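Student: Before we start, here is the structure in question, set down as structure tokens.
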Amino acid sequence: MSNSADVLVLGGGIAGLTVALEAARRDLSVIILDTPRPGAASRAAAGMLAPSVEELPVTMRAAAVAARDHYPPYLDALRERTGIEVPLDRRGILQLASESDAQLWQRGAPAGAEWLDSAALAAREPAFEGHHGALLHALDGAVDNLVLMDALERAIADTTAIKRVSAEVLSIDADQPSALTPTRGRFFATRLVLGSGAWAGGLPGLPRRIPVRPVRGQLLRLAQSPIHHVTYGAGGYLVPRGETLLVGATSEESGFENETSLAGLAVLRSIASRAIPALANALVVDHWAGLRPMSLDAHPILGADPESPALVYACGYSRNGILFAPWAAAQLANVLTGDPSPEIAPFRVDRPELRTASV
Ligand SMILES: Cc1cc2nc3c(=O)[nH]c(=O)nc-3n(C[C@H](O)[C@H](O)[C@H](O)COP(=O)(O)OP(=O)(O)OC[C@H]3O[C@@H](n4cnc5c(N)ncnc54)[C@H](O)[C@@H]3O)c2cc1C
């Protein structure tokens with residue numbers, strides 16, 4: 001196999017796979033270099049598509065909504081290509097109100113949200129009877145990220161312009177675009193895409209400091225789901241998945257530690273039972289942890305490096321990589337074919353918010 005292509009994609013999570021597919025769609029040849037690492041985020045995530053609930057700066061909010069609305073046609077195209085139907089929930093996200101929230105929101109819900117008082121909430125979701133009410137953020141929801149990753153892997157395997165190589169990347173050279181692996185030697189390309197998740201900031205050879213660090217998130221899955229809507233509240237979130245319910249998530253600065261802990265699971269159980277007391281003794285069928293690739297301002301880092309333009313960033317996706325990645329990949333493929341793609345300008349690597357001293 002040749003060790004060169006138009007584009008070398010570093011990382012095989014959602015960031016890398018979505019960019020590889022978009023690049024191939026624009027007739028570029030692609031090599032993906034990846035080795036699976038414990039704690040990789042894309043299969044650990046809860047899959048929420050929640051631009052309305054996440055606190056995003058005004059400059060990024062429109063992109064987040066565009067990313068959410070990119071999903072239906074994206075999944076249609078993926079199904080046509082792979083035959084895999086990826087479950088997508090667009091019925092809206094509930095945000096449970098505290099007593100003070102309820103007083104505020106009944107006088108006027110935030111733009112785009114609908115206020116449901118206690119009775120209206122219980123009519124939609126009887127399991128939330130007794131809560132003060134909730135905001136309903138229409139069109140937000142969730143995708144089944146495990147099935148999505150399976151579909152992306154299938155599409156990659158079926159695309160002859162993409163080669164996937166299982167190899168550790170030891171270092172890169174951004175100016176003579178290439179990546180060094182221990183077993184397969186050096187790979188060369190015209191462009192490099194940095195999509196290495198929580199490990200992106202530590203890759204030797206980067207032309208600047210990339211402020212991305214791992215932030216552990218623990219999740220558990222309960223055997224039953226008494227609700228239908230993705231719900232924020234009680235200090236966490238609940239995501240119905242099939243007949244089961246995901247409960248998340250912790251947010252922990254514990255380096256690359258990627259196991260669940262008794263303390264973390266206790267936090268998650270408490271989120272579930274505060275939201276729905278009947279879940280206090282529900283059966284836990286699974287639990288896991290993943291590493292969010294958290295950037296300094298908790299927002300993605302996207303686009304070409306201004307001083308080493310052969311290097312393109314698709315990293316720092318933080319809490320919203322499942323939401324952003326398919327949309328961002330289309331913009332990044334424009335960059336790979338020489339179009340600056342103004343839509344991703346707010347996410348550039350040299351924005352002031354990424355310039356603080358220590359990560
Ligand atoms: C618990 C949890 C819940 C989440 N919930 C949501 C959610 O509801 N909605 C949402 O939008 N986002 C969510 N996220 C965030 C989302 O999962 C991430 O932002 C996204 O998956 C990041 O994708 P990635 O491809 O950048 O990283 P990853 O999926 O971590 O992939 C990186 C890949 O690069 C490989 N790699 C790294 N370094 C090297 C190297 N040197 N050589 C070879 N291979 C390498 C790794 O092995 C891995 O395969 C959640 C994350 C967590 C942990």
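Residues are referred to by chain and number: the chain letter is A, B, ... according to the order shown in the structure tokens, the number counts from 1 in that chain, and ligands are numbered separately from 1 in the order shown.
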List as JSON lines every residue of chain A that is in contact with ligand 1, defined as an atom at most 6 Å from one of its atoms (using only C-alpha atoms and all ligand atoms), together with the nearest atom pair and the distance in Å rounded to one decimal, sorted by chain and then rising number.
Tutor:
{"residue": "A:Gly11", "atom": "CA", "partner": "ligand 1", "partner_atom_place_in_ligand_line": "34 (O)", "distance": 3.4}
{"residue": "A:Gly12", "atom": "CA", "partner": "ligand 1", "partner_atom_place_in_ligand_line": "49 (O)", "distance": 4.6}
{"residue": "A:Gly13", "atom": "CA", "partner": "ligand 1", "partner_atom_place_in_ligand_line": "25 (O)", "distance": 3.3}
{"residue": "A:Ile14", "atom": "CA", "partner": "ligand 1", "partner_atom_place_in_ligand_line": "25 (O)", "distance": 4.1}
{"residue": "A:Ala15", "atom": "CA", "partner": "ligand 1", "partner_atom_place_in_ligand_line": "25 (O)", "distance": 3.8}
{"residue": "A:Gly16", "atom": "CA", "partner": "ligand 1", "partner_atom_place_in_ligand_line": "25 (O)", "distance": 5.6}
{"residue": "A:Leu33", "atom": "CA", "partner": "ligand 1", "partner_atom_place_in_ligand_line": "43 (C)", "distance": 5.8}
{"residue": "A:Asp34", "atom": "CA", "partner": "ligand 1", "partner_atom_place_in_ligand_line": "44 (N)", "distance": 3.5}
{"residue": "A:Thr35", "atom": "CA", "partner": "ligand 1", "partner_atom_place_in_ligand_line": "44 (N)", "distance": 4.2}
{"residue": "A:Pro36", "atom": "CA", "partner": "ligand 1", "partner_atom_place_in_ligand_line": "47 (O)", "distance": 3.7}
{"residue": "A:Arg37", "atom": "CA", "partner": "ligand 1", "partner_atom_place_in_ligand_line": "47 (O)", "distance": 3.8}
{"residue": "A:Ala40", "atom": "CA", "partner": "ligand 1", "partner_atom_place_in_ligand_line": "30 (O)", "distance": 3.4}
{"residue": "A:Ala41", "atom": "CA", "partner": "ligand 1", "partner_atom_place_in_ligand_line": "29 (O)", "distance": 3.9}
{"residue": "A:Ser42", "atom": "CA", "partner": "ligand 1", "partner_atom_place_in_ligand_line": "21 (O)", "distance": 3.2}
{"residue": "A:Ala44", "atom": "CA", "partner": "ligand 1", "partner_atom_place_in_ligand_line": "53 (C)", "distance": 5.5}
{"residue": "A:Ala45", "atom": "CA", "partner": "ligand 1", "partner_atom_place_in_ligand_line": "4 (C)", "distance": 3.4}
{"residue": "A:Ala46", "atom": "CA", "partner": "ligand 1", "partner_atom_place_in_ligand_line": "8 (O)", "distance": 3.9}
{"residue": "A:Gly47", "atom": "CA", "partner": "ligand 1", "partner_atom_place_in_ligand_line": "8 (O)", "distance": 3.9}
{"residue": "A:Met48", "atom": "CA", "partner": "ligand 1", "partner_atom_place_in_ligand_line": "8 (O)", "distance": 3.6}
{"residue": "A:Leu49", "atom": "CA", "partner": "ligand 1", "partner_atom_place_in_ligand_line": "9 (N)", "distance": 5.7}
{"residue": "A:Ala167", "atom": "CA", "partner": "ligand 1", "partner_atom_place_in_ligand_line": "43 (C)", "distance": 5.8}
{"residue": "A:Glu168", "atom": "CA", "partner": "ligand 1", "partner_atom_place_in_ligand_line": "42 (N)", "distance": 3.7}
{"residue": "A:Val169", "atom": "CA", "partner": "ligand 1", "partner_atom_place_in_ligand_line": "42 (N)", "distance": 3.8}
{"residue": "A:Leu170", "atom": "CA", "partner": "ligand 1", "partner_atom_place_in_ligand_line": "41 (N)", "distance": 5.8}
{"residue": "A:Gly195", "atom": "CA", "partner": "ligand 1", "partner_atom_place_in_ligand_line": "26 (O)", "distance": 5.3}
{"residue": "A:Ser196", "atom": "CA", "partner": "ligand 1", "partner_atom_place_in_ligand_line": "34 (O)", "distance": 3.8}
{"residue": "A:Gly197", "atom": "CA", "partner": "ligand 1", "partner_atom_place_in_ligand_line": "27 (O)", "distance": 3.4}
{"residue": "A:Ala198", "atom": "CA", "partner": "ligand 1", "partner_atom_place_in_ligand_line": "30 (O)", "distance": 5.8}
{"residue": "A:Trp199", "atom": "CA", "partner": "ligand 1", "partner_atom_place_in_ligand_line": "38 (N)", "distance": 4.9}
{"residue": "A:Arg216", "atom": "CA", "partner": "ligand 1", "partner_atom_place_in_ligand_line": "53 (C)", "distance": 5.9}
{"residue": "A:Gly217", "atom": "CA", "partner": "ligand 1", "partner_atom_place_in_ligand_line": "1 (C)", "distance": 3.8}
{"residue": "A:Gln218", "atom": "CA", "partner": "ligand 1", "partner_atom_place_in_ligand_line": "1 (C)", "distance": 5.2}
{"residue": "A:Leu219", "atom": "CA", "partner": "ligand 1", "partner_atom_place_in_ligand_line": "1 (C)", "distance": 5.7}
{"residue": "A:Ala249", "atom": "CA", "partner": "ligand 1", "partner_atom_place_in_ligand_line": "1 (C)", "distance": 5.8}
{"residue": "A:Ala289", "atom": "CA", "partner": "ligand 1", "partner_atom_place_in_ligand_line": "1 (C)", "distance": 5.8}
{"residue": "A:Gly290", "atom": "CA", "partner": "ligand 1", "partner_atom_place_in_ligand_line": "53 (C)", "distance": 3.7}
{"residue": "A:Leu291", "atom": "CA", "partner": "ligand 1", "partner_atom_place_in_ligand_line": "53 (C)", "distance": 4.4}
{"residue": "A:Arg292", "atom": "CA", "partner": "ligand 1", "partner_atom_place_in_ligand_line": "53 (C)", "distance": 4.4}
{"residue": "A:Pro293", "atom": "CA", "partner": "ligand 1", "partner_atom_place_in_ligand_line": "19 (O)", "distance": 5.9}
{"residue": "A:Cys315", "atom": "CA", "partner": "ligand 1", "partner_atom_place_in_ligand_line": "26 (O)", "distance": 5.2}
{"residue": "A:Tyr317", "atom": "CA", "partner": "ligand 1", "partner_atom_place_in_ligand_line": "19 (O)", "distance": 4.2}
{"residue": "A:Ser318", "atom": "CA", "partner": "ligand 1", "partner_atom_place_in_ligand_line": "19 (O)", "distance": 4.5}
{"residue": "A:Arg319", "atom": "CA", "partner": "ligand 1", "partner_atom_place_in_ligand_line": "15 (C)", "distance": 4.1}
{"residue": "A:Asn320", "atom": "CA", "partner": "ligand 1", "partner_atom_place_in_ligand_line": "11 (O)", "distance": 3.2}
{"residue": "A:Gly321", "atom": "CA", "partner": "ligand 1", "partner_atom_place_in_ligand_line": "19 (O)", "distance": 3.2}
{"residue": "A:Ile322", "atom": "CA", "partner": "ligand 1", "partner_atom_place_in_ligand_line": "11 (O)", "distance": 3.4}
{"residue": "A:Leu323", "atom": "CA", "partner": "ligand 1", "partner_atom_place_in_ligand_line": "11 (O)", "distance": 3.8}
Student: Those same residues, written as a short mmCIF file (atom, residue, chain, number, x, y, z; two decimals), in the first residue's frame with N, CA and C atoms?
Tutor:
data_model
loop_
_atom_site.label_atom_id
_atom_site.label_comp_id
_atom_site.auth_asym_id
_atom_site.auth_seq_id
_atom_site.Cartn_x
_atom_site.Cartn_y
_atom_site.Cartn_z
N GLY A 11 -6.64 10.14 13.52
CA GLY A 11 -7.72 9.86 14.48
C GLY A 11 -8.93 9.28 13.78
N GLY A 12 -9.48 8.23 14.38
CA GLY A 12 -10.62 7.53 13.78
C GLY A 12 -11.87 7.59 14.63
N GLY A 13 -12.05 8.69 15.37
CA GLY A 13 -13.33 8.94 16.05
C GLY A 13 -14.26 9.66 15.09
N ILE A 14 -15.34 10.22 15.63
CA ILE A 14 -16.31 10.88 14.75
C ILE A 14 -15.67 12.04 13.99
N ALA A 15 -14.71 12.72 14.61
CA ALA A 15 -14.06 13.86 13.94
C ALA A 15 -13.34 13.38 12.68
N GLY A 16 -12.52 12.33 12.84
CA GLY A 16 -11.71 11.86 11.73
C GLY A 16 -12.55 11.19 10.64
N LEU A 33 -5.09 7.38 9.95
CA LEU A 33 -4.18 6.70 10.88
C LEU A 33 -4.81 6.73 12.27
N ASP A 34 -5.01 5.56 12.85
CA ASP A 34 -5.70 5.51 14.15
C ASP A 34 -5.33 4.22 14.87
N THR A 35 -5.18 4.33 16.18
CA THR A 35 -5.23 3.10 17.01
C THR A 35 -6.26 3.36 18.08
N PRO A 36 -7.14 2.37 18.33
CA PRO A 36 -8.17 2.60 19.34
C PRO A 36 -7.53 2.81 20.73
N ARG A 37 -7.98 3.83 21.42
CA ARG A 37 -7.46 4.08 22.77
C ARG A 37 -8.60 4.00 23.76
N ALA A 40 -11.67 6.69 24.29
CA ALA A 40 -12.07 7.46 23.11
C ALA A 40 -13.54 7.85 23.25
N ALA A 41 -13.86 9.08 22.85
CA ALA A 41 -15.13 9.68 23.26
C ALA A 41 -16.33 9.29 22.40
N SER A 42 -16.11 9.03 21.10
CA SER A 42 -17.26 9.01 20.19
C SER A 42 -18.25 7.89 20.47
N ALA A 44 -18.47 6.64 23.53
CA ALA A 44 -18.83 6.78 24.95
C ALA A 44 -19.93 7.82 25.17
N ALA A 45 -20.19 8.64 24.16
CA ALA A 45 -21.06 9.80 24.34
C ALA A 45 -22.52 9.41 24.50
N ALA A 46 -23.32 10.40 24.91
CA ALA A 46 -24.76 10.19 25.06
C ALA A 46 -25.52 10.52 23.78
N GLY A 47 -24.87 11.19 22.84
CA GLY A 47 -25.47 11.43 21.53
C GLY A 47 -26.47 12.58 21.47
N MET A 48 -26.47 13.44 22.49
CA MET A 48 -27.46 14.54 22.45
C MET A 48 -27.09 15.58 21.40
N LEU A 49 -28.13 16.11 20.78
CA LEU A 49 -27.98 17.20 19.82
C LEU A 49 -28.72 18.37 20.45
N ALA A 167 -2.46 2.27 13.12
CA ALA A 167 -1.08 2.63 13.50
C ALA A 167 -1.11 3.80 14.47
N GLU A 168 -0.20 3.73 15.40
CA GLU A 168 0.00 4.82 16.36
C GLU A 168 0.74 5.95 15.63
N VAL A 169 0.29 7.17 15.80
CA VAL A 169 1.04 8.31 15.25
C VAL A 169 1.99 8.80 16.34
N LEU A 170 3.30 8.77 16.03
CA LEU A 170 4.29 9.18 17.04
C LEU A 170 4.53 10.68 16.99
N GLY A 195 -7.38 15.06 14.16
CA GLY A 195 -8.68 14.66 14.74
C GLY A 195 -8.46 13.63 15.83
N SER A 196 -7.49 13.90 16.70
CA SER A 196 -7.05 12.87 17.66
C SER A 196 -7.71 13.00 19.03
N GLY A 197 -8.87 13.63 19.10
CA GLY A 197 -9.64 13.66 20.34
C GLY A 197 -8.86 14.25 21.50
N ALA A 198 -9.00 13.63 22.67
CA ALA A 198 -8.40 14.17 23.90
C ALA A 198 -6.88 14.15 23.85
N TRP A 199 -6.31 13.41 22.87
CA TRP A 199 -4.85 13.29 22.76
C TRP A 199 -4.26 14.32 21.80
N ARG A 216 -12.97 13.58 31.97
CA ARG A 216 -13.72 12.30 32.03
C ARG A 216 -15.20 12.52 32.26
N GLY A 217 -15.99 11.77 31.51
CA GLY A 217 -17.44 11.73 31.74
C GLY A 217 -17.87 10.30 31.98
N GLN A 218 -18.58 10.06 33.08
CA GLN A 218 -19.12 8.72 33.36
C GLN A 218 -20.61 8.71 33.04
N LEU A 219 -21.06 7.59 32.52
CA LEU A 219 -22.48 7.41 32.17
C LEU A 219 -22.92 6.04 32.69
N ALA A 249 -24.05 13.15 33.23
CA ALA A 249 -22.71 12.58 33.15
C ALA A 249 -21.86 13.35 34.15
N ALA A 289 -17.03 5.07 30.89
CA ALA A 289 -16.52 6.45 30.95
C ALA A 289 -15.82 6.78 29.65
N GLY A 290 -15.77 8.04 29.31
CA GLY A 290 -15.05 8.49 28.11
C GLY A 290 -14.37 9.81 28.40
N LEU A 291 -13.46 10.16 27.50
CA LEU A 291 -12.66 11.38 27.69
C LEU A 291 -13.09 12.45 26.69
N ARG A 292 -13.73 13.48 27.20
CA ARG A 292 -14.10 14.59 26.31
C ARG A 292 -12.82 15.32 25.90
N PRO A 293 -12.66 15.64 24.62
CA PRO A 293 -11.51 16.43 24.20
C PRO A 293 -11.81 17.91 24.45
N CYS A 315 -10.55 19.33 16.04
CA CYS A 315 -10.32 18.80 17.39
C CYS A 315 -10.95 19.73 18.44
N TYR A 317 -13.43 19.16 20.34
CA TYR A 317 -14.90 19.16 20.23
C TYR A 317 -15.61 19.22 21.58
N SER A 318 -14.87 18.97 22.64
CA SER A 318 -15.39 19.18 24.01
C SER A 318 -16.68 18.40 24.24
N ARG A 319 -17.75 19.09 24.71
CA ARG A 319 -19.00 18.39 25.05
C ARG A 319 -19.90 18.14 23.85
N ASN A 320 -19.53 18.67 22.68
CA ASN A 320 -20.50 18.70 21.57
C ASN A 320 -19.99 18.13 20.26
N GLY A 321 -19.10 17.15 20.34
CA GLY A 321 -18.53 16.61 19.11
C GLY A 321 -19.52 15.82 18.27
N ILE A 322 -20.45 15.14 18.92
CA ILE A 322 -21.43 14.39 18.14
C ILE A 322 -22.32 15.39 17.39
N LEU A 323 -22.70 16.44 18.09
CA LEU A 323 -23.51 17.49 17.45
C LEU A 323 -22.77 18.10 16.26
#
Student: Can you tell me which residues surround Pro226 (chain A) at a distance of at most 10 Å, considering only C-alpha atoms, apart from same-chain residues fewer than 2 positions away, and format the answer as a PyMOL selection string?
Tutor: chain A and resi 125-128+224+228-229+240+243-245+276+278-279
Student: Got a sec to tell me which of region 24-266 of chain A DSSP assigns to strand (DSSP E or B), as a PyMOL selection string?
Tutor: chain A and resi 30-34+48-49+88-89+93-96+113-117+133-137+141-143+162-166+171-173+178-181+185-194+212-222+230-233+236-241+244-248+252
Student: For the atom pair CA of Ser2 (chain A) and CA of Gly205 (chain A), what is the interatomic distance in Å to one decimal place?
Tutor: 22.8 Å
Student: Excluding Leu262 (chain A) and its own-chain neighbours fewer than 5 positions away, which residues fall within 12 Å of it when counting only C-alpha atoms? Please give them as a PyMOL selection string.
Tutor: chain A and resi 218-220+250+267-269+287-288
Student: Can you work out the spacing between CA of Val312 (chain A) and CA of Leu194 (chain A) in Å, to one decimal?
Tutor: 6.2 Å
Student: Can you list, as a ChimeraX atom specification, all residues belonging to region 43-252 of chain A that DSSP tags as alpha helix (DSSP H)?
Tutor: /A:58-82,99-107,118-124,145-157
Student: Out of A:Val19, A:Ile271, A:Val193, A:Leu238, which residue has the shortest atom-to-atom distance to Pro309 (chain A) when counting only C-alpha atoms?
Tutor: A:Val193
Student: Rounded to one decimal in Å, what is the spacing between CA of Leu94 (chain A) and CA of Asn258 (chain A)?
Tutor: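 CA of Leu94 (chain A) sits 29.2 Å away from CA of Asn258 (chain A).
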Student: Pick out the residues sitting within 9 Å of region 50-63 of chain A, and hand them over as a list in words; count only C-alpha atoms, and ignore anything fewer than 6 positions along from it in its own chain.
Tutor: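 Near region 50-63 of chain A, the qualifying residues are Gly92, Ile93, Gln95, Gly112, Ala113, His137, Ala138, Leu139, Asp140, Gly141, Ala142, Tyr232, His299, Arg319, Asn320, Leu323, Phe324, Trp327, Ala328, Glu343, Ile344, Pro346 and Phe347 of chain A.
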Student: List the spatial neighbours of Leu302 (chain A) as a PyMOL selection string - criterion: any atom at most 6 Å away, only C-alpha atoms, same-chain residues fewer than 6 positions off excluded.
Tutor: chain A and resi 313-314+347-348
Student: Identify which of the residues A:Ile301, A:Pro73, A:Pro340, A:Arg221 lies closest to Val284 (chain A), counting only C-alpha atoms when measuring atom-to-atom distances.
Tutor: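 Counting only C-alpha atoms, the residue closest to Val284 (chain A) is A:Arg221.
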Student: As a PyMOL selection string, please: the residues near region 23-26 of chain A (cut-off 10 Å, only C-alpha atoms, same-chain neighbours under 4 positions excluded).
Tutor: chain A and resi 6-7+9+17-19+30+156+159-162+329-330+332-337
Student: Give me the residues within 9 Å of region 75-87 of chain A as a count of residues only, counting only C-alpha atoms and dropping any in the same chain fewer than 4 places off.
Tutor: 15
Student: Have a look at A:Asp101, A:Glu153, A:Glu353, A:Glu114 and name the one nearest to Pro300 (chain A); count only C-alpha atoms.
Tutor: A:Glu353
